[in-house]
Amino acid sequence: MESGKERQLKFVPPKSFVHQSFWYKLADIKLNIDKLQDSPKEVYAEKNYTEYSRLLIEVDCTAFNRELSTSSKNSKCKGILLNTNTIEEFRSKDKNDLIKRLSDDYFNQLLSKDKLESSSELFFFLLFSFADFKAHKYYYWFAFPAFRDIIYKCRSECKSVSSIFSQDLLEKFELQLCTFRNKFSEPVFIFDSKSDIILKLSDLIHHDKKDENFKDLDLTSTYICCDDRSVDQNPCWLLRQLLGYLVYVCPLLANKEIKCICLRQKLQTSVVLLIIIPSTETNIEHILWTGWEANKNGKLVPQLADMSKVMDPEILAEKSISLNLTLMKWRLLPSLNIEIINQMKYLLLGAGTLGCGVARSLLAWGAQYISFVDCGKVSLSNPVRQSLYLYEDAIDGGKPKALTAAKRLKQINPCVLSTGHWLKIPMPGHPVGESQFTETNEALENLENLIKEHDVIFLLTDSRESRWLPTMLAAYHEKL
């Protein structure tokens, strides 16, 4: 290949895509595992090549899986998730400092090993986020870190592999490539056209011997191959991350020309680039990073995923109530068992001022099963004192209190299982005439059955006599 005029090499940045399942999983992990912890977390994304003009980096609920199958390693790339606890922290965080700190940490961990476990480790991303669980809105910003101030130059001409390799060499390369990929999942590898062999990057580069890396290679016959399925004239962003790594760990390449093959969908259309590796600062502390993703309008701002409308309103209400209780529990009473409160069945004897107040308090603490017992009707004086009734409930003789209170609870929280029972509680000292025997026996039987069916009995009637029989029955059946 003849030398030509040099030009600055430009790279096509990836595009991010977040599946809804990722936010559901993040919410679950944050609320039940991480809680107030906000340390960086390791995640994985899928590299999708279906959008040929641009590499797509996708995250979904599997992003938090720690172990990857061998077949998936080539299509996965590692990332760092940092989810803040407040929107103020998300907005005020210095993004330049953030990308440097997290990228330095990742790069130093990479270099602390003798060599790469897989070349896929070179391609990483950052995901900076804040999750507003109450509003179900997720603010996030992707970054694909690369060295900021290093400029790569290449020869102006851009040629296909088929125009550089002879037919015989091309066929040998294709055969070698097929064999190599059946054995290894490596997005980057080295092809030695003179020896007709393919080598892994880790076979040639050792982090503790930087001055010897690429020392014995003939650069005229050596091709560094990188997956790049785009059809754009410029290479994808992954090559920029790869070149940054080579600049740092292979100082012998400084000011030299290397041959890179951007492997496209078809080998014959793959592009060969002659890239000049610059000499630069090799102290990671002095290297600056770039790579924050621009939005569809080309502006460097975070994105918003609004999930508030994708859920059923009743489910949304239930989750919001549960979230509120969890947040209160974290800060006020960590030992509180909310699940027990949620699963118990409550019987409220009396649907007056006390009954309405207790019912609303139970709702606030996540109770799901509430039953009312009362034989009264809503009077005109009740709505101002009893919070479950309205003026319209009191007119035309008044509606039954127990049934109305149960209905109103469902209007407040559609997920609650609430029932009302019109029942007159038999009381000592109140004579029962012959005409009332049947009604009284039915009341006794219904009251006893209700007490047996519930876990907690609230005595909320307005007289001592009406509380006597329920107290005896609750004690007999060992109810709280």
# chains A, B, ... in the order shown; residues from 1 in each chain; ligands from 1

$ residues_around --residues "Trp141 in chain A" --least-positions-apart "2" --cutoff "6 Å" --atoms "only C-alpha atoms" --output "list in words"
Leu127, Phe128 and Pro302 of chain A

$ select_by_dssp --residues "range 67-226 of chain A" --states "alpha helix (DSSP H)" --output "number ranges by chain"
A: 87-92, 95-112, 161-164, 167-183, 201-204

$ atom_distance --atom1 "CA of Ala367 in chain A" --atom2 "CA of Pro414 in chain A"
12.4 Å

$ closest_residue --among "A:Val271, A:Val384, A:Leu252, A:Ala402" --to "Asp232 in chain A" --atoms "only C-alpha atoms"
A:Val271

$ atom_distance --atom1 "CA of Ser463 in chain A" --atom2 "CA of Asp374 in chain A"
12.9 Å

$ closest_residue --among "A:Thr353, A:Ser379, A:Asn441, A:Ser361" --to "Thr461 in chain A" --atoms "only C-alpha atoms"
A:Thr353

$ residues_around --residues "Ser387 in chain A" --least-positions-apart "6" --cutoff "10 Å" --atoms "only C-alpha atoms" --output "MDAnalysis selection string"
chainID A and resid 352:357 359:360 405 408

$ write_last_selection --atoms "all heavy atoms" --output "compact mmCIF listing (two decimals), in the first residue's frame"
# COMPACT_ATOMS: atom_id res chain seq x y z
N GLY A 352 -67.37 4.23 62.92
CA GLY A 352 -67.58 5.63 63.22
C GLY A 352 -66.27 6.41 63.16
O GLY A 352 -65.41 6.14 62.32
N THR A 353 -66.13 7.37 64.09
CA THR A 353 -64.93 8.21 64.09
C THR A 353 -63.66 7.38 64.29
O THR A 353 -62.67 7.54 63.57
CB THR A 353 -65.03 9.27 65.21
OG1 THR A 353 -66.22 10.04 65.01
CG2 THR A 353 -63.83 10.20 65.18
N LEU A 354 -63.70 6.46 65.26
CA LEU A 354 -62.54 5.59 65.50
C LEU A 354 -62.32 4.64 64.33
O LEU A 354 -61.20 4.44 63.88
CB LEU A 354 -62.73 4.80 66.80
CG LEU A 354 -62.58 5.58 68.11
CD1 LEU A 354 -62.88 4.67 69.29
CD2 LEU A 354 -61.18 6.14 68.23
N GLY A 355 -63.39 4.03 63.86
CA GLY A 355 -63.27 3.07 62.77
C GLY A 355 -62.68 3.69 61.51
O GLY A 355 -61.79 3.09 60.87
N CYS A 356 -63.14 4.89 61.16
CA CYS A 356 -62.60 5.58 59.97
C CYS A 356 -61.12 5.91 60.16
O CYS A 356 -60.29 5.74 59.25
CB CYS A 356 -63.39 6.85 59.70
SG CYS A 356 -65.08 6.54 59.13
N GLY A 357 -60.77 6.40 61.36
CA GLY A 357 -59.38 6.77 61.61
C GLY A 357 -58.44 5.57 61.59
O GLY A 357 -57.36 5.63 61.00
N ALA A 359 -58.96 2.71 60.05
CA ALA A 359 -58.91 2.18 58.67
C ALA A 359 -57.92 2.97 57.82
O ALA A 359 -57.12 2.39 57.06
CB ALA A 359 -60.30 2.22 58.05
N ARG A 360 -57.96 4.29 57.95
CA ARG A 360 -57.02 5.11 57.17
C ARG A 360 -55.57 4.87 57.62
O ARG A 360 -54.65 4.83 56.79
CB ARG A 360 -57.36 6.60 57.33
CG ARG A 360 -58.66 7.06 56.67
CD ARG A 360 -58.68 6.77 55.19
NE ARG A 360 -57.64 7.47 54.46
CZ ARG A 360 -57.81 8.60 53.78
NH1 ARG A 360 -59.01 9.15 53.72
NH2 ARG A 360 -56.82 9.15 53.14
N ALA A 405 -68.12 2.57 54.11
CA ALA A 405 -66.71 2.69 54.49
C ALA A 405 -65.85 1.74 53.65
O ALA A 405 -64.75 2.11 53.19
CB ALA A 405 -66.54 2.39 55.97
N ARG A 408 -65.49 3.13 50.17
CA ARG A 408 -64.63 4.31 50.13
C ARG A 408 -63.14 3.93 50.23
O ARG A 408 -62.29 4.55 49.59
CB ARG A 408 -65.02 5.25 51.28
CG ARG A 408 -64.55 6.69 51.15
CD ARG A 408 -65.00 7.42 49.89
NE ARG A 408 -66.34 7.22 49.45
CZ ARG A 408 -67.44 7.78 49.96
NH1 ARG A 408 -67.35 8.58 50.99
NH2 ARG A 408 -68.62 7.55 49.46

$ closest_residue --among "A:Arg264, A:Lys296, A:Lys256, A:His206" --to "Cys226 in chain A" --atoms "only C-alpha atoms"
A:Arg264

$ closest_residue --among "A:Glu42, A:Glu318, A:Glu453, A:Glu448" --to "Tyr346 in chain A" --atoms "only C-alpha atoms"
A:Glu453

$ closest_residue --among "A:His421, A:Lys134, A:His454, A:Arg467" --to "Ser320 in chain A" --atoms "only C-alpha atoms"
A:Lys134

$ residues_around --residues "range 93-98 of chain A" --least-positions-apart "3" --cutoff "12 Å" --atoms "only C-alpha atoms" --output "PyMOL selection string"
chain A and resi 40+80-84+86-90+101-105+126-130+141-143+145+148+285+287-293+300-302

$ residues_around --residues "Gln20 in chain A" --least-positions-apart "2" --cutoff "12 Å" --atoms "only C-alpha atoms" --output "list in words"
Phe17, Val18, Phe22, Trp23, Tyr24, Lys25, Leu26, Ala27, Glu58, Val59, Asp60, Cys61, Thr62, His136, Lys137, Tyr138, Ala305, Asp306, Met307, Ser308, Val310 and Met311 of chain A

$ write_last_selection --atoms "N, CA, C and O atoms" --output "PDB file, in the first residue's frame"
ATOM      1  N   PHE A  17     -29.102   2.141  24.056  1.00  0.00           N
ATOM      2  CA  PHE A  17     -30.533   1.816  24.109  1.00  0.00           C
ATOM      3  C   PHE A  17     -30.801   1.068  25.407  1.00  0.00           C
ATOM      4  O   PHE A  17     -30.129   0.084  25.712  1.00  0.00           O
ATOM      5  N   VAL A  18     -31.778   1.547  26.183  1.00  0.00           N
ATOM      6  CA  VAL A  18     -32.103   0.939  27.473  1.00  0.00           C
ATOM      7  C   VAL A  18     -33.483   0.300  27.393  1.00  0.00           C
ATOM      8  O   VAL A  18     -34.485   0.985  27.134  1.00  0.00           O
ATOM      9  N   PHE A  22     -34.592  -3.178  32.193  1.00  0.00           N
ATOM     10  CA  PHE A  22     -33.422  -2.736  32.961  1.00  0.00           C
ATOM     11  C   PHE A  22     -33.858  -1.878  34.141  1.00  0.00           C
ATOM     12  O   PHE A  22     -33.360  -2.039  35.251  1.00  0.00           O
ATOM     13  N   TRP A  23     -34.818  -0.961  33.910  1.00  0.00           N
ATOM     14  CA  TRP A  23     -35.260  -0.076  34.985  1.00  0.00           C
ATOM     15  C   TRP A  23     -36.017  -0.856  36.062  1.00  0.00           C
ATOM     16  O   TRP A  23     -35.892  -0.562  37.254  1.00  0.00           O
ATOM     17  N   TYR A  24     -36.823  -1.857  35.647  1.00  0.00           N
ATOM     18  CA  TYR A  24     -37.505  -2.692  36.636  1.00  0.00           C
ATOM     19  C   TYR A  24     -36.486  -3.414  37.524  1.00  0.00           C
ATOM     20  O   TYR A  24     -36.649  -3.491  38.743  1.00  0.00           O
ATOM     21  N   LYS A  25     -35.439  -3.944  36.887  1.00  0.00           N
ATOM     22  CA  LYS A  25     -34.426  -4.682  37.644  1.00  0.00           C
ATOM     23  C   LYS A  25     -33.626  -3.737  38.541  1.00  0.00           C
ATOM     24  O   LYS A  25     -33.328  -4.077  39.693  1.00  0.00           O
ATOM     25  N   LEU A  26     -33.292  -2.564  38.026  1.00  0.00           N
ATOM     26  CA  LEU A  26     -32.570  -1.579  38.831  1.00  0.00           C
ATOM     27  C   LEU A  26     -33.380  -1.199  40.067  1.00  0.00           C
ATOM     28  O   LEU A  26     -32.845  -1.106  41.180  1.00  0.00           O
ATOM     29  N   ALA A  27     -34.681  -0.969  39.893  1.00  0.00           N
ATOM     30  CA  ALA A  27     -35.552  -0.611  41.012  1.00  0.00           C
ATOM     31  C   ALA A  27     -35.574  -1.723  42.055  1.00  0.00           C
ATOM     32  O   ALA A  27     -35.497  -1.471  43.264  1.00  0.00           O
ATOM     33  N   GLU A  58     -26.798  -2.013  24.067  1.00  0.00           N
ATOM     34  CA  GLU A  58     -28.099  -2.226  24.702  1.00  0.00           C
ATOM     35  C   GLU A  58     -27.929  -2.805  26.104  1.00  0.00           C
ATOM     36  O   GLU A  58     -27.119  -3.705  26.317  1.00  0.00           O
ATOM     37  N   VAL A  59     -28.728  -2.294  27.039  1.00  0.00           N
ATOM     38  CA  VAL A  59     -28.780  -2.881  28.380  1.00  0.00           C
ATOM     39  C   VAL A  59     -30.207  -3.290  28.690  1.00  0.00           C
ATOM     40  O   VAL A  59     -31.161  -2.589  28.329  1.00  0.00           O
ATOM     41  N   ASP A  60     -30.364  -4.445  29.343  1.00  0.00           N
ATOM     42  CA  ASP A  60     -31.676  -4.905  29.777  1.00  0.00           C
ATOM     43  C   ASP A  60     -31.533  -5.537  31.154  1.00  0.00           C
ATOM     44  O   ASP A  60     -30.526  -5.315  31.845  1.00  0.00           O
ATOM     45  N   CYS A  61     -32.502  -6.336  31.571  1.00  0.00           N
ATOM     46  CA  CYS A  61     -32.477  -6.891  32.930  1.00  0.00           C
ATOM     47  C   CYS A  61     -31.308  -7.844  33.162  1.00  0.00           C
ATOM     48  O   CYS A  61     -30.923  -8.095  34.309  1.00  0.00           O
ATOM     49  N   THR A  62     -30.721  -8.366  32.085  1.00  0.00           N
ATOM     50  CA  THR A  62     -29.577  -9.281  32.245  1.00  0.00           C
ATOM     51  C   THR A  62     -28.267  -8.526  32.479  1.00  0.00           C
ATOM     52  O   THR A  62     -27.224  -9.147  32.660  1.00  0.00           O
ATOM     53  N   HIS A 136     -41.406   7.382  38.995  1.00  0.00           N
ATOM     54  CA  HIS A 136     -41.068   6.385  37.960  1.00  0.00           C
ATOM     55  C   HIS A 136     -40.403   7.050  36.756  1.00  0.00           C
ATOM     56  O   HIS A 136     -40.720   6.764  35.605  1.00  0.00           O
ATOM     57  N   LYS A 137     -39.462   7.939  37.076  1.00  0.00           N
ATOM     58  CA  LYS A 137     -38.674   8.600  36.033  1.00  0.00           C
ATOM     59  C   LYS A 137     -37.198   8.317  36.288  1.00  0.00           C
ATOM     60  O   LYS A 137     -36.733   8.404  37.433  1.00  0.00           O
ATOM     61  N   TYR A 138     -36.478   8.008  35.216  1.00  0.00           N
ATOM     62  CA  TYR A 138     -35.091   7.593  35.331  1.00  0.00           C
ATOM     63  C   TYR A 138     -34.214   8.514  34.472  1.00  0.00           C
ATOM     64  O   TYR A 138     -34.376   8.573  33.257  1.00  0.00           O
ATOM     65  N   ALA A 305     -35.916   8.575  30.940  1.00  0.00           N
ATOM     66  CA  ALA A 305     -36.836   7.483  30.629  1.00  0.00           C
ATOM     67  C   ALA A 305     -38.035   7.620  31.561  1.00  0.00           C
ATOM     68  O   ALA A 305     -37.921   7.402  32.772  1.00  0.00           O
ATOM     69  N   ASP A 306     -39.168   8.025  30.998  1.00  0.00           N
ATOM     70  CA  ASP A 306     -40.387   8.216  31.790  1.00  0.00           C
ATOM     71  C   ASP A 306     -41.211   6.931  31.740  1.00  0.00           C
ATOM     72  O   ASP A 306     -41.804   6.593  30.723  1.00  0.00           O
ATOM     73  N   MET A 307     -41.262   6.219  32.863  1.00  0.00           N
ATOM     74  CA  MET A 307     -41.964   4.934  32.926  1.00  0.00           C
ATOM     75  C   MET A 307     -43.328   5.047  33.597  1.00  0.00           C
ATOM     76  O   MET A 307     -44.001   4.042  33.811  1.00  0.00           O
ATOM     77  N   SER A 308     -43.738   6.266  33.910  1.00  0.00           N
ATOM     78  CA  SER A 308     -44.961   6.442  34.703  1.00  0.00           C
ATOM     79  C   SER A 308     -46.217   6.012  33.964  1.00  0.00           C
ATOM     80  O   SER A 308     -47.228   5.681  34.581  1.00  0.00           O
ATOM     81  N   VAL A 310     -46.379   3.493  31.555  1.00  0.00           N
ATOM     82  CA  VAL A 310     -46.351   2.142  30.979  1.00  0.00           C
ATOM     83  C   VAL A 310     -46.934   1.106  31.928  1.00  0.00           C
ATOM     84  O   VAL A 310     -47.044  -0.066  31.566  1.00  0.00           O
ATOM     85  N   MET A 311     -47.285   1.535  33.122  1.00  0.00           N
ATOM     86  CA  MET A 311     -47.827   0.592  34.099  1.00  0.00           C
ATOM     87  C   MET A 311     -49.296   0.871  34.340  1.00  0.00           C
ATOM     88  O   MET A 311     -49.778   1.991  34.204  1.00  0.00           O
TER      89      MET A 311
END
